[in-house]
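*Asks:* Handing you this structure, nothing more for now.
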Amino acid sequence: MYYFQVVVTEYLVSDRDTFLNTEFLIQLDADDSKKGRHWYCDAAASSFRDSTLYLCEVTYSKTISALAKRLLAWDIYWVELQEALRRDCAIPDSWIIQPWAFIPEKYHDALKIRIEKLVSEGRPTGAMPYPRITYLEHVVPWDYITWDRKVTDLEDET
């Protein structure tokens, strides 16, 4: 597990409604893991509050290329990917499946350029939603202090 994945997983589980499975295998074919039809996701986070399964990827790479490649591959197979997750993980049909990228803030524009196809007009219904993006700088433990990751103001006791 990469260094910052630990920080992100701690951030995710700090919300008590979220359950986590790290190094999560997404396998399109139930009987085999054919090349290009399975991936290990950094973490799958089930949020009962949001009725959403988040497919979380973490990177601090300057090029963002591996993350962009992963997201674009998921987009190609998005319908099959959702079906596989519902089949293998018993994800309810009513739940949303949403990619969630954790990246350094300064690389946001680079990611956006590499995955611009995900926001083009005329995308088919059922296409992968644009990933939720959270900056690594915002998941450090001193930036959230309560059970639901909401920041509260601390009053001076003096």
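Order determines the names: the first chain of the structure tokens is A, the second B, and so forth; residues in each chain are numbered 1 upward, and ligands are numbered 1 upward as they are shown.
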Give me the residues near Glu83 of chain A as a PDB file with N, CA and C atoms, in the first residue's frame, where near means some atom within 12 Å (using only C-alpha atoms) and where sequence neighbours in that chain fewer than 4 positions away do not count.

*Replies:*
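Saved file selection.pdb follows:
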```pdb
ATOM      1  N   ILE A  26     -11.960  -5.636  -8.588  1.00  0.00           N
ATOM      2  CA  ILE A  26     -13.127  -5.476  -9.457  1.00  0.00           C
ATOM      3  C   ILE A  26     -12.888  -6.413 -10.632  1.00  0.00           C
ATOM      4  N   GLN A  27     -13.753  -7.391 -10.787  1.00  0.00           N
ATOM      5  CA  GLN A  27     -13.562  -8.439 -11.781  1.00  0.00           C
ATOM      6  C   GLN A  27     -14.808  -8.518 -12.658  1.00  0.00           C
ATOM      7  N   LEU A  28     -14.685  -8.099 -13.923  1.00  0.00           N
ATOM      8  CA  LEU A  28     -15.841  -8.076 -14.811  1.00  0.00           C
ATOM      9  C   LEU A  28     -16.387  -9.472 -15.078  1.00  0.00           C
ATOM     10  N   ASP A  29     -15.507 -10.441 -15.224  1.00  0.00           N
ATOM     11  CA  ASP A  29     -15.920 -11.812 -15.524  1.00  0.00           C
ATOM     12  C   ASP A  29     -15.866 -12.650 -14.253  1.00  0.00           C
ATOM     13  N   ALA A  30     -16.968 -13.291 -13.920  1.00  0.00           N
ATOM     14  CA  ALA A  30     -17.051 -14.058 -12.675  1.00  0.00           C
ATOM     15  C   ALA A  30     -16.104 -15.249 -12.669  1.00  0.00           C
ATOM     16  N   TYR A  77     -15.999   0.308 -19.640  1.00  0.00           N
ATOM     17  CA  TYR A  77     -16.706  -0.867 -19.133  1.00  0.00           C
ATOM     18  C   TYR A  77     -17.710  -0.535 -18.030  1.00  0.00           C
ATOM     19  N   TRP A  78     -18.142   0.710 -17.934  1.00  0.00           N
ATOM     20  CA  TRP A  78     -18.911   1.148 -16.777  1.00  0.00           C
ATOM     21  C   TRP A  78     -20.155   0.308 -16.505  1.00  0.00           C
ATOM     22  N   VAL A  79     -20.929  -0.020 -17.521  1.00  0.00           N
ATOM     23  CA  VAL A  79     -22.146  -0.819 -17.312  1.00  0.00           C
ATOM     24  C   VAL A  79     -21.768  -2.198 -16.783  1.00  0.00           C
ATOM     25  N   ARG A  87     -23.158  -8.004  -8.656  1.00  0.00           N
ATOM     26  CA  ARG A  87     -23.108  -9.472  -8.606  1.00  0.00           C
ATOM     27  C   ARG A  87     -22.204  -9.958  -7.471  1.00  0.00           C
ATOM     28  N   ASP A  88     -20.984  -9.433  -7.407  1.00  0.00           N
ATOM     29  CA  ASP A  88     -19.984  -9.953  -6.477  1.00  0.00           C
ATOM     30  C   ASP A  88     -20.100  -9.403  -5.067  1.00  0.00           C
ATOM     31  N   CYS A  89     -20.636  -8.206  -4.913  1.00  0.00           N
ATOM     32  CA  CYS A  89     -20.636  -7.541  -3.607  1.00  0.00           C
ATOM     33  C   CYS A  89     -22.038  -7.288  -3.064  1.00  0.00           C
ATOM     34  N   ALA A  90     -23.042  -7.733  -3.791  1.00  0.00           N
ATOM     35  CA  ALA A  90     -24.428  -7.542  -3.381  1.00  0.00           C
ATOM     36  C   ALA A  90     -24.770  -6.068  -3.170  1.00  0.00           C
ATOM     37  N   ILE A  91     -24.240  -5.216  -4.044  1.00  0.00           N
ATOM     38  CA  ILE A  91     -24.558  -3.784  -3.995  1.00  0.00           C
ATOM     39  C   ILE A  91     -26.003  -3.627  -4.460  1.00  0.00           C
ATOM     40  N   PRO A  92     -26.864  -3.011  -3.662  1.00  0.00           N
ATOM     41  CA  PRO A  92     -28.269  -2.850  -4.076  1.00  0.00           C
ATOM     42  C   PRO A  92     -28.398  -2.027  -5.355  1.00  0.00           C
ATOM     43  N   ASP A  93     -29.407  -2.349  -6.160  1.00  0.00           N
ATOM     44  CA  ASP A  93     -29.650  -1.609  -7.403  1.00  0.00           C
ATOM     45  C   ASP A  93     -29.905  -0.128  -7.149  1.00  0.00           C
ATOM     46  N   TRP A  95     -28.368   1.753  -5.089  1.00  0.00           N
ATOM     47  CA  TRP A  95     -27.148   2.461  -4.719  1.00  0.00           C
ATOM     48  C   TRP A  95     -26.446   3.035  -5.949  1.00  0.00           C
ATOM     49  N   ILE A  96     -25.748   4.132  -5.726  1.00  0.00           N
ATOM     50  CA  ILE A  96     -24.916   4.768  -6.745  1.00  0.00           C
ATOM     51  C   ILE A  96     -23.514   4.176  -6.632  1.00  0.00           C
ATOM     52  N   ILE A  97     -22.864   4.005  -7.767  1.00  0.00           N
ATOM     53  CA  ILE A  97     -21.458   3.622  -7.777  1.00  0.00           C
ATOM     54  C   ILE A  97     -20.705   4.810  -8.372  1.00  0.00           C
ATOM     55  N   GLY A 126     -25.973   6.009 -18.365  1.00  0.00           N
ATOM     56  CA  GLY A 126     -25.270   4.856 -17.820  1.00  0.00           C
ATOM     57  C   GLY A 126     -23.764   4.985 -17.915  1.00  0.00           C
TER      58      GLY A 126
END
```

*Asks:* Excluding same-chain residues fewer than 4 positions from segment 37-54 of chain A, what lies within 7 Å of it counting only C-alpha atoms, as JSON, numbers by chain?

*Replies:* {"A": [17, 18, 19, 20, 21, 22, 23, 24, 25, 26, 27, 28, 33, 58, 95, 96, 97, 98, 99, 100]}

*Asks:* Calculated over only C-alpha atoms, which of the candidates A:Ile64, A:Ile113, A:Ala127, A:Leu118 has the smallest distance to Gln82 of chain A?

*Replies:* A:Ala127

*Asks:* Could you check the closest approach to Arg123 of chain A for each of A:Leu85, A:Ile76, A:Leu55, A:Ala101 and tell me which residue wins, using only C-alpha atoms?

*Replies:*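 Among A:Leu85, A:Ile76, A:Leu55, A:Ala101, it is A:Ile76 that comes nearest to Arg123 of chain A.
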
*Asks:* DSSP on the backbone: which residues in chain A end up as strand (DSSP E or B)? Give the answer as a ChimeraX atom specification.

*Replies:* /A:18-27,38-47,52-58,96-103,132-135

*Asks:* Which of these residues is nearest to Leu12 of chain A, using only C-alpha atoms: A:Cys56, A:Met128, A:Ala73, A:Ile133?

*Replies:* A:Cys56

*Asks:* Please report the interatomic distance between atom CA of Ala84 of chain A and atom CA of Glu10 of chain A in Å with one decimal.

*Replies:*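 According to the coordinates, atom CA of Ala84 of chain A and atom CA of Glu10 of chain A are separated by 26.7 Å.
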
*Asks:* Quote the spacing between atom CA of Tyr135 of chain A and atom CA of Thr9 of chain A in Å to one decimal place.

*Replies:*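 For atom CA of Tyr135 of chain A relative to atom CA of Thr9 of chain A, the distance reads 13.6 Å.
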
*Asks:* Just the residues within 12 Å of Asp109 of chain A, please, counting only C-alpha atoms, with nothing from its chain fewer than 3 positions along; format it as a PDB file with C-alpha atoms, in the first residue's frame.

*Replies:*
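Writing the result to result28.pdb gives the following:
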```pdb
ATOM      1  CA  LYS A  62       2.887  14.436 -11.168  1.00  0.00           C
ATOM      2  CA  THR A  63       1.679  13.016 -14.479  1.00  0.00           C
ATOM      3  CA  ILE A  64      -1.619  11.620 -13.197  1.00  0.00           C
ATOM      4  CA  ALA A  68      -6.443   8.875 -15.906  1.00  0.00           C
ATOM      5  CA  ILE A 103      -4.905  13.764  -5.681  1.00  0.00           C
ATOM      6  CA  PRO A 104      -2.655  16.723  -4.860  1.00  0.00           C
ATOM      7  CA  GLU A 105      -4.497  19.977  -5.504  1.00  0.00           C
ATOM      8  CA  LYS A 106      -1.874  21.270  -7.920  1.00  0.00           C
ATOM      9  CA  LYS A 112      -9.124  17.267 -15.824  1.00  0.00           C
ATOM     10  CA  ILE A 113      -7.320  17.593 -19.178  1.00  0.00           C
ATOM     11  CA  ARG A 114      -6.533  13.872 -19.322  1.00  0.00           C
ATOM     12  CA  ILE A 115     -10.131  12.813 -18.616  1.00  0.00           C
ATOM     13  CA  GLU A 116     -11.954  15.597 -20.455  1.00  0.00           C
ATOM     14  CA  ILE A 133     -12.151  14.658  -6.370  1.00  0.00           C
TER      15      ILE A 133
END
```

*Asks:* With only C-alpha atoms as the atoms that count, which of A:His108, A:Val119, A:Ser14, A:Val6 lies nearest to Asp143 of chain A?

*Replies:*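 Checking each candidate against Asp143 of chain A, we get A:Ser14 as the closest.
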
*Asks:* Grab the atom CA of Gln5 of chain A to atom CA of Trp74 of chain A distance for me, in Å with one decimal place.

*Replies:* 20.2 Å

*Asks:* May I have the residues within 10 Å of Lys117 of chain A as a tab-separated table (two decimals) with N, CA, C and O atoms, in the first residue's frame, using only C-alpha atoms and disregarding those fewer than 6 positions away in the same chain?

*Replies:*
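Writing the result to result.tsv gives the following:
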```
chain	number	residue	atom	x	y	z
A	72	LEU	N	-10.48	6.14	-17.42
A	72	LEU	CA	-10.97	5.99	-18.79
A	72	LEU	C	-11.30	4.52	-19.10
A	72	LEU	O	-12.26	4.24	-19.82
A	75	ASP	N	-14.57	3.81	-17.52
A	75	ASP	CA	-15.64	4.41	-18.31
A	75	ASP	C	-16.05	3.51	-19.47
A	75	ASP	O	-17.24	3.36	-19.76
A	123	ARG	N	-22.79	12.16	-23.84
A	123	ARG	CA	-22.41	10.89	-23.23
A	123	ARG	C	-23.66	10.05	-22.99
A	123	ARG	O	-24.70	10.57	-22.60
A	130	TYR	N	-18.54	11.65	-13.61
A	130	TYR	CA	-17.26	12.31	-13.40
A	130	TYR	C	-16.82	12.01	-11.97
A	130	TYR	O	-17.63	12.05	-11.04
```

*Asks:* Can you tell me, as a list in words, which residues in segment 73-112 of chain A count as helix (DSSP H, G or I) by DSSP?

*Replies:* Ala73, Trp74, Asp75, Ile76, Trp78, Val79, Glu80, Leu81, Gln82, Glu83, Ala84, Leu85, Arg86, Arg87, Asp88, Cys89, Glu105, Lys106, Tyr107, His108, Asp109, Ala110, Leu111 and Lys112 of chain A
